[in-house]
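What follows is a single structure, written as structure tokens, with notes after it.
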Amino acid sequence: MTSQPVQESTVVGIVGAGPAGLMLSHLLSRSGIDSIAVDTRTRDEIEHTHRAGILEQDSVRLLTDTGVDGRVLTQGSEHEGIELRFAGEGHRIDFKHLVGASVWLYPQTDVFIDLANARERDGGDVRFGVRDTKVLEVRDQPVISFVDSEGIAREVRCDYLVGADGSHSICRHEIPESLSTQYFKEYPFAWFGIMTEAPMSAPELIYARHERGFALISQRTEQLQRMYFQCDPATDPGTWSDEMIWNELQTRVSGGGFSLKEGPITEKVVLPFRSFVAEPMRYGRLFLAGDAAHTVPPTGAKGLNLALQDVKVLAEVLDAAVNLGRTELLETYGTRALERVWKAQQFSYRLTTLLHTLPGETPFDAKRQLGELSSIVTSTHGSAHLAECYTGWPTAQL
Ligand code: DHB
């Protein structure tokens, strides 16, 4: 005989305990609002998922000013610019000089660890490793049902439900198709990502355009580096030897005597590449946040930054609704969040098309692309626009 699910209730039920779900839970607790977050993954699984590594300055502020952790400032590193490499030469885009801003290299896994520790420290209710998660009656009387990591079936009734459950979101599908518009853009390539035990090759990130395709030289620590290169989406990473990978990367960044410092490759992955937005981000008492509502191509590393900004806005309107009765402000969530989402979509798309080669492209296309790159690096206005987008936009105010 199966026993009845254990009944619980909370103010905000959060599906997904990645950075978006945990940051929301953290911000709500600062406003005295209870939440329960659930995730099918274990904490260990999330900690070992490698994602992008660049935080906009507002994302850094959100971590430090709200008391998550200052570790980003001591263990992350501030980057005041990037290098754009094309036609065999490097060109520095100096963020500090151009727009008075910078970004921080601090991997998403560390952001997750800091948030999970902060939730534990502050007594937050986060259930990792659950299974059979379902959401019911999301519009009017939301319930999350799941089986917890000890095998106990539970049902959590909540006043508000947040889908922070990533690009394979179950919550997104609760919005009736007739009310939701989904915007997609597919790209005919993917990224081959590696982790390598090698010293840094350059002090800042390098975004390179080459006839053979895009390459990105990023970093993790003094001894561990992250690099990517454009590849066919059907690529099986296991068929690429370390030697083939280094040849490809070295070719794509070559010129002016520059070369990469090589080392053993400890991880090889092929990353999907697409742009996606679902509008609206709200349906009754259900709100979508982060990758559940939108994904950007990795170029420019906007995904995590967008997710953190979504939940910052969402925490503000939930605070106003729960603590001040200003439920009309819930309506402003999507509009405020989407303004930034579409700016980030545009930036990620632009940086992608600026640096990647398209199958079947003509010599005209290649020359036009070089013309565009040149018009950026030789113009203060062109460079400043790129710097502004890379370092992030202010959040729309309430
Ligand atoms: C990283 C990934 C990106 O997509 C990017 O634009 C910059 C850095 C990274 O993983 O370090």
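Ordering of the structure tokens sets the chain letters (A, B, ...), residue numbers begin anew at 1 in every chain, and ligands are numbered from 1 in the order given.
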
### Message
Taking 3 positions as the minimum chain separation for residues in the same chain, which residues sit within 8 Å of Phe189 of chain A when counting only C-alpha atoms? Answer as JSON, numbers by chain.
### Response
{"A": [230, 231, 232, 233, 273]}

### Message
Show me which residues line ligand 1, defined as having an atom within 8 Å of a ligand atom where only C-alpha atoms and all ligand atoms count, and present them as JSON, numbers by chain.
### Response
{"A": [50, 51, 52, 53, 54, 105, 107, 205, 216, 217, 218, 219, 220, 226, 227, 297, 298, 299, 300, 301, 302]}

Please produce a file of those selected residues containing C-alpha atoms, as an mmCIF file, in the first residue's frame.
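Final file, part19.cif:
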data_model
loop_
_atom_site.group_PDB
_atom_site.id
_atom_site.type_symbol
_atom_site.label_atom_id
_atom_site.label_comp_id
_atom_site.auth_asym_id
_atom_site.auth_seq_id
_atom_site.Cartn_x
_atom_site.Cartn_y
_atom_site.Cartn_z
ATOM 1 C CA HIS A 50 30.970 23.135 -15.701
ATOM 2 C CA ARG A 51 29.384 26.259 -17.082
ATOM 3 C CA ALA A 52 30.551 29.720 -18.051
ATOM 4 C CA GLY A 53 32.825 31.819 -15.934
ATOM 5 C CA ILE A 54 32.127 35.520 -16.419
ATOM 6 C CA LEU A 105 36.084 35.652 -13.871
ATOM 7 C CA PRO A 107 32.923 30.110 -12.517
ATOM 8 C CA LEU A 205 40.151 36.315 -22.362
ATOM 9 C CA LEU A 216 37.764 31.397 -27.089
ATOM 10 C CA ILE A 217 40.638 31.233 -24.632
ATOM 11 C CA SER A 218 39.310 31.525 -21.103
ATOM 12 C CA GLN A 219 40.731 30.660 -17.700
ATOM 13 C CA ARG A 220 39.896 29.031 -14.400
ATOM 14 C CA ARG A 226 39.046 26.660 -20.160
ATOM 15 C CA MET A 227 39.025 26.917 -23.959
ATOM 16 C CA PRO A 297 24.270 31.088 -27.005
ATOM 17 C CA PRO A 298 27.373 30.882 -24.798
ATOM 18 C CA THR A 299 29.267 33.657 -26.628
ATOM 19 C CA GLY A 300 29.576 36.513 -24.134
ATOM 20 C CA ALA A 301 28.578 34.368 -21.115
ATOM 21 C CA LYS A 302 25.244 36.069 -20.463
#

### Query
Mind checking DSSP for segment 13-214 of chain A and telling me the strand (DSSP E or B) residues as an MDAnalysis selection string?
chainID A and resid 13:15 35:38 54:56 77:79 81:86 89:94 103:105 125:127 131:136 143:147 153:163 181:186 190:196 206:208

Please save C-alpha atoms of the selected residues as a PDB file, in the first residue's frame.
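again_5.pdb, written as the output of this step:
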ATOM      1  CA  GLY A  13       7.762  27.074  -4.031  1.00  0.00           C
ATOM      2  CA  ILE A  14      10.835  26.976  -6.258  1.00  0.00           C
ATOM      3  CA  VAL A  15      11.451  24.213  -8.787  1.00  0.00           C
ATOM      4  CA  SER A  35      10.401  29.304   0.402  1.00  0.00           C
ATOM      5  CA  ILE A  36      11.110  25.676  -0.382  1.00  0.00           C
ATOM      6  CA  ALA A  37      13.390  24.853  -3.317  1.00  0.00           C
ATOM      7  CA  VAL A  38      13.585  21.380  -4.854  1.00  0.00           C
ATOM      8  CA  ILE A  54      32.127  35.520 -16.419  1.00  0.00           C
ATOM      9  CA  LEU A  55      30.113  37.650 -13.979  1.00  0.00           C
ATOM     10  CA  GLU A  56      28.910  41.127 -14.851  1.00  0.00           C
ATOM     11  CA  SER A  77      39.726  37.789 -10.784  1.00  0.00           C
ATOM     12  CA  GLU A  78      38.692  41.141 -12.119  1.00  0.00           C
ATOM     13  CA  HIS A  79      39.016  41.562 -15.875  1.00  0.00           C
ATOM     14  CA  GLY A  81      39.094  44.070 -20.874  1.00  0.00           C
ATOM     15  CA  ILE A  82      39.169  41.320 -23.482  1.00  0.00           C
ATOM     16  CA  GLU A  83      41.198  40.733 -26.603  1.00  0.00           C
ATOM     17  CA  LEU A  84      39.549  40.412 -30.010  1.00  0.00           C
ATOM     18  CA  ARG A  85      41.869  38.509 -32.383  1.00  0.00           C
ATOM     19  CA  PHE A  86      41.411  38.462 -36.128  1.00  0.00           C
ATOM     20  CA  GLU A  89      46.461  40.296 -34.700  1.00  0.00           C
ATOM     21  CA  GLY A  90      45.092  40.984 -31.230  1.00  0.00           C
ATOM     22  CA  HIS A  91      43.130  44.142 -30.318  1.00  0.00           C
ATOM     23  CA  ARG A  92      42.352  44.984 -26.701  1.00  0.00           C
ATOM     24  CA  ILE A  93      38.906  46.252 -25.745  1.00  0.00           C
ATOM     25  CA  ASP A  94      39.581  48.224 -22.556  1.00  0.00           C
ATOM     26  CA  VAL A 103      33.712  41.863 -15.190  1.00  0.00           C
ATOM     27  CA  TRP A 104      34.869  39.066 -12.888  1.00  0.00           C
ATOM     28  CA  LEU A 105      36.084  35.652 -13.871  1.00  0.00           C
ATOM     29  CA  ASP A 125      14.920  24.932   2.969  1.00  0.00           C
ATOM     30  CA  VAL A 126      16.521  23.329  -0.102  1.00  0.00           C
ATOM     31  CA  ARG A 127      15.807  19.715  -1.074  1.00  0.00           C
ATOM     32  CA  ARG A 131      12.534  12.632  -7.992  1.00  0.00           C
ATOM     33  CA  ASP A 132       9.183  12.523  -9.802  1.00  0.00           C
ATOM     34  CA  THR A 133       8.726  16.292  -9.518  1.00  0.00           C
ATOM     35  CA  LYS A 134       5.354  17.484 -10.761  1.00  0.00           C
ATOM     36  CA  VAL A 135       3.627  20.832 -10.549  1.00  0.00           C
ATOM     37  CA  LEU A 136      -0.163  21.101 -10.289  1.00  0.00           C
ATOM     38  CA  VAL A 143       1.407  22.526  -5.587  1.00  0.00           C
ATOM     39  CA  ILE A 144       4.790  20.858  -6.077  1.00  0.00           C
ATOM     40  CA  SER A 145       4.689  17.111  -5.653  1.00  0.00           C
ATOM     41  CA  PHE A 146       7.876  15.054  -5.429  1.00  0.00           C
ATOM     42  CA  VAL A 147       9.560  12.146  -3.739  1.00  0.00           C
ATOM     43  CA  ALA A 153       6.357  11.435  -1.131  1.00  0.00           C
ATOM     44  CA  ARG A 154       5.593  15.076  -0.405  1.00  0.00           C
ATOM     45  CA  GLU A 155       3.231  17.799  -1.600  1.00  0.00           C
ATOM     46  CA  VAL A 156       4.083  21.437  -1.049  1.00  0.00           C
ATOM     47  CA  ARG A 157       1.285  23.975  -1.388  1.00  0.00           C
ATOM     48  CA  CYS A 158       2.538  27.441  -2.220  1.00  0.00           C
ATOM     49  CA  ASP A 159       1.163  30.925  -2.720  1.00  0.00           C
ATOM     50  CA  TYR A 160       3.556  31.443  -5.627  1.00  0.00           C
ATOM     51  CA  LEU A 161       5.441  28.970  -7.785  1.00  0.00           C
ATOM     52  CA  VAL A 162       8.734  29.731  -9.530  1.00  0.00           C
ATOM     53  CA  GLY A 163      10.102  27.607 -12.365  1.00  0.00           C
ATOM     54  CA  THR A 181       5.014  32.709 -27.672  1.00  0.00           C
ATOM     55  CA  GLN A 182       8.307  30.889 -28.086  1.00  0.00           C
ATOM     56  CA  TYR A 183      11.096  32.512 -30.050  1.00  0.00           C
ATOM     57  CA  PHE A 184      13.869  30.235 -31.359  1.00  0.00           C
ATOM     58  CA  LYS A 185      17.061  30.679 -33.285  1.00  0.00           C
ATOM     59  CA  GLU A 186      19.142  27.651 -34.248  1.00  0.00           C
ATOM     60  CA  ALA A 190      28.305  24.077 -31.618  1.00  0.00           C
ATOM     61  CA  TRP A 191      31.240  24.670 -29.248  1.00  0.00           C
ATOM     62  CA  PHE A 192      33.890  22.144 -28.392  1.00  0.00           C
ATOM     63  CA  GLY A 193      34.923  22.922 -24.791  1.00  0.00           C
ATOM     64  CA  ILE A 194      38.030  21.715 -23.005  1.00  0.00           C
ATOM     65  CA  MET A 195      39.551  21.996 -19.560  1.00  0.00           C
ATOM     66  CA  THR A 196      43.333  21.790 -19.578  1.00  0.00           C
ATOM     67  CA  ILE A 206      40.751  36.033 -26.098  1.00  0.00           C
ATOM     68  CA  TYR A 207      37.843  35.934 -28.554  1.00  0.00           C
ATOM     69  CA  ALA A 208      39.282  34.883 -31.924  1.00  0.00           C
TER      70      ALA A 208
END

Sorted per-residue table, segment 243-323 of chain A near segment 16-25 of chain A, closest atoms and distance, 12 Å, only C-alpha atoms, as a Markdown table:
| residue | atom | partner | partner_atom | distance |
| --- | --- | --- | --- | --- |
| A:Phe287 | CA | A:Gly21 | CA | 11.6 |
| A:Leu288 | CA | A:Ala20 | CA | 10.3 |
| A:Ala289 | CA | A:Ala20 | CA | 7.0 |
| A:Gly290 | CA | A:Ala20 | CA | 6.3 |
| A:Asp291 | CA | A:Ala20 | CA | 8.8 |
| A:Ala292 | CA | A:Gly16 | CA | 9.5 |
| A:Ala293 | CA | A:Ala20 | CA | 11.6 |
| A:Gly303 | CA | A:Ala20 | CA | 10.5 |
| A:Leu304 | CA | A:Pro19 | CA | 7.7 |
| A:Asn305 | CA | A:Ala20 | CA | 9.5 |
| A:Leu306 | CA | A:Ala20 | CA | 9.2 |
| A:Ala307 | CA | A:Ala20 | CA | 5.5 |
| A:Leu308 | CA | A:Ala20 | CA | 5.7 |
| A:Gln309 | CA | A:Ala20 | CA | 8.8 |
| A:Asp310 | CA | A:Ala20 | CA | 8.0 |
| A:Val311 | CA | A:Leu24 | CA | 5.3 |
| A:Lys312 | CA | A:Leu24 | CA | 7.1 |
| A:Val313 | CA | A:Leu24 | CA | 9.5 |
| A:Leu314 | CA | A:Leu24 | CA | 7.7 |
| A:Ala315 | CA | A:Leu24 | CA | 6.2 |
| A:Glu316 | CA | A:Leu24 | CA | 9.9 |
| A:Val317 | CA | A:Leu24 | CA | 11.6 |
| A:Leu318 | CA | A:Leu24 | CA | 10.1 |
| A:Asp319 | CA | A:Leu24 | CA | 11.1 |

### Task
From the DSSP assignment of the backbone, select every residue of segment 149-299 of chain A that is alpha helix (DSSP H), and format the answer as a PyMOL selection string.
chain A and resi 242-253

Once you have the residues from the selection above, write them out as a PDB file, in the first residue's frame, restricted to N, CA and C atoms.
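Output saved as result_3.pdb:
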ATOM      1  N   ASP A 242      44.064  14.863 -28.073  1.00  0.00           N
ATOM      2  CA  ASP A 242      44.604  16.116 -27.536  1.00  0.00           C
ATOM      3  C   ASP A 242      45.391  16.856 -28.623  1.00  0.00           C
ATOM      4  N   GLU A 243      46.149  16.096 -29.420  1.00  0.00           N
ATOM      5  CA  GLU A 243      46.984  16.724 -30.445  1.00  0.00           C
ATOM      6  C   GLU A 243      46.127  17.452 -31.485  1.00  0.00           C
ATOM      7  N   MET A 244      45.039  16.799 -31.901  1.00  0.00           N
ATOM      8  CA  MET A 244      44.149  17.445 -32.885  1.00  0.00           C
ATOM      9  C   MET A 244      43.556  18.734 -32.301  1.00  0.00           C
ATOM     10  N   ILE A 245      43.173  18.672 -31.032  1.00  0.00           N
ATOM     11  CA  ILE A 245      42.555  19.849 -30.395  1.00  0.00           C
ATOM     12  C   ILE A 245      43.559  21.002 -30.310  1.00  0.00           C
ATOM     13  N   TRP A 246      44.778  20.693 -29.860  1.00  0.00           N
ATOM     14  CA  TRP A 246      45.772  21.767 -29.750  1.00  0.00           C
ATOM     15  C   TRP A 246      46.110  22.359 -31.119  1.00  0.00           C
ATOM     16  N   ASN A 247      46.197  21.503 -32.142  1.00  0.00           N
ATOM     17  CA  ASN A 247      46.470  22.024 -33.493  1.00  0.00           C
ATOM     18  C   ASN A 247      45.383  22.998 -33.921  1.00  0.00           C
ATOM     19  N   GLU A 248      44.147  22.605 -33.674  1.00  0.00           N
ATOM     20  CA  GLU A 248      43.015  23.439 -34.089  1.00  0.00           C
ATOM     21  C   GLU A 248      43.034  24.775 -33.336  1.00  0.00           C
ATOM     22  N   LEU A 249      43.198  24.694 -32.020  1.00  0.00           N
ATOM     23  CA  LEU A 249      43.205  25.930 -31.226  1.00  0.00           C
ATOM     24  C   LEU A 249      44.385  26.828 -31.600  1.00  0.00           C
ATOM     25  N   GLN A 250      45.572  26.229 -31.739  1.00  0.00           N
ATOM     26  CA  GLN A 250      46.755  27.042 -32.069  1.00  0.00           C
ATOM     27  C   GLN A 250      46.560  27.746 -33.408  1.00  0.00           C
ATOM     28  N   THR A 251      45.993  27.016 -34.389  1.00  0.00           N
ATOM     29  CA  THR A 251      45.784  27.629 -35.709  1.00  0.00           C
ATOM     30  C   THR A 251      44.835  28.829 -35.606  1.00  0.00           C
ATOM     31  N   ARG A 252      43.783  28.653 -34.828  1.00  0.00           N
ATOM     32  CA  ARG A 252      42.751  29.706 -34.811  1.00  0.00           C
ATOM     33  C   ARG A 252      43.186  30.977 -34.073  1.00  0.00           C
ATOM     34  N   VAL A 253      44.184  30.861 -33.186  1.00  0.00           N
ATOM     35  CA  VAL A 253      44.630  32.080 -32.478  1.00  0.00           C
ATOM     36  C   VAL A 253      45.989  32.562 -32.984  1.00  0.00           C
TER      37      VAL A 253
END

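Compared by their closest atoms to Ser59 of chain A, and using only C-alpha atoms, the residues A:Met200, A:Ala384, A:Val72, A:Ile46 rank with A:Val72 nearest.
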
### Message
Calculated over only C-alpha atoms, which of the candidates A:Thr109, A:Thr40, A:Ser9, A:Thr66 has the smallest distance to Ile170 of chain A?
### Response
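Result for the nearest residue to Ile170 of chain A: A:Thr40.
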
### Query
Quick one, how far is atom CA of Thr352 of chain A from atom CA of Glu222 of chain A?
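According to the coordinates, atom CA of Thr352 of chain A and atom CA of Glu222 of chain A are separated by 27.5 Å.
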
### Message
Here is a test: counting only C-alpha atoms, which residue of A:Arg209, A:Arg119, A:Lys367, A:His97 is nearest to Leu351 of chain A?
### Response
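Checking each candidate against Leu351 of chain A, we get A:Arg209 as the closest.
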
### Task
Measuring atom to atom with only C-alpha atoms, identify which of A:Lys96, A:Lys343, A:His26, A:His168 is nearest to Asp114 of chain A.
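Residue with the minimum atom-to-atom distance to Asp114 of chain A: A:His26.
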
### Query
Given the choices A:Thr221, A:Ser254, A:Gln75, A:Thr295, which gets closest to Ser169 of chain A if the distance is worked out from only C-alpha atoms?
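Checking each candidate against Ser169 of chain A, we get A:Thr295 as the closest.
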
### Task
Excluding segment 280-283 of chain A and residues on its chain fewer than 5 positions from it, collect all residues at most 9 Å away from it, counting only C-alpha atoms, and give them as a list of chain:residue names.
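Close residues of segment 280-283 of chain A: A:Val138, A:Arg139, A:Arg172, A:Glu174, A:Ile175, A:Pro176, A:Leu179, A:Ser180, A:Thr181, A:Leu288, A:Ala289, A:Ala293, A:Leu330, A:Glu331, A:Tyr333, A:Gly334, A:Thr335, A:Ala337, A:Leu338.
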
Generate a file of the selected residues that holds C-alpha atoms, formatted as a PDB file, in the first residue's frame.
ATOM      1  CA  VAL A 138      -0.029  26.364 -11.188  1.00  0.00           C
ATOM      2  CA  ARG A 139      -2.263  29.266 -12.142  1.00  0.00           C
ATOM      3  CA  ARG A 172       7.348  26.156 -18.745  1.00  0.00           C
ATOM      4  CA  GLU A 174       2.293  24.547 -17.706  1.00  0.00           C
ATOM      5  CA  ILE A 175       1.704  27.794 -19.582  1.00  0.00           C
ATOM      6  CA  PRO A 176      -0.995  27.020 -22.157  1.00  0.00           C
ATOM      7  CA  LEU A 179      -0.911  32.090 -24.263  1.00  0.00           C
ATOM      8  CA  SER A 180       2.804  31.561 -24.819  1.00  0.00           C
ATOM      9  CA  THR A 181       5.014  32.709 -27.672  1.00  0.00           C
ATOM     10  CA  LEU A 288       9.635  31.453 -14.910  1.00  0.00           C
ATOM     11  CA  ALA A 289      13.220  32.531 -14.265  1.00  0.00           C
ATOM     12  CA  ALA A 293      12.383  31.168 -19.770  1.00  0.00           C
ATOM     13  CA  LEU A 330       3.773  41.179 -10.067  1.00  0.00           C
ATOM     14  CA  GLU A 331       2.704  42.183 -13.557  1.00  0.00           C
ATOM     15  CA  TYR A 333       8.227  41.246 -13.555  1.00  0.00           C
ATOM     16  CA  GLY A 334       8.165  40.011 -17.142  1.00  0.00           C
ATOM     17  CA  THR A 335       8.421  43.432 -18.729  1.00  0.00           C
ATOM     18  CA  ALA A 337      13.191  41.108 -16.976  1.00  0.00           C
ATOM     19  CA  LEU A 338      12.535  40.789 -20.706  1.00  0.00           C
TER      20      LEU A 338
END

### Message
Report, in Å to a single decimal, how far apart atom CA of Ala321 of chain A and atom CA of Thr64 of chain A are.
### Response
25.4 Å

#### Entry: Coordinates-based distance that separates atom CA of Val296 of chain A from atom CA of Leu98 of chain A (Å, one decimal)
25.1 Å

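Each of A:Arg340, A:Val6, A:Ala320, A:Gly129 was compared to Ile152 of chain A using only C-alpha atoms, and A:Val6 turns out to be the nearest.
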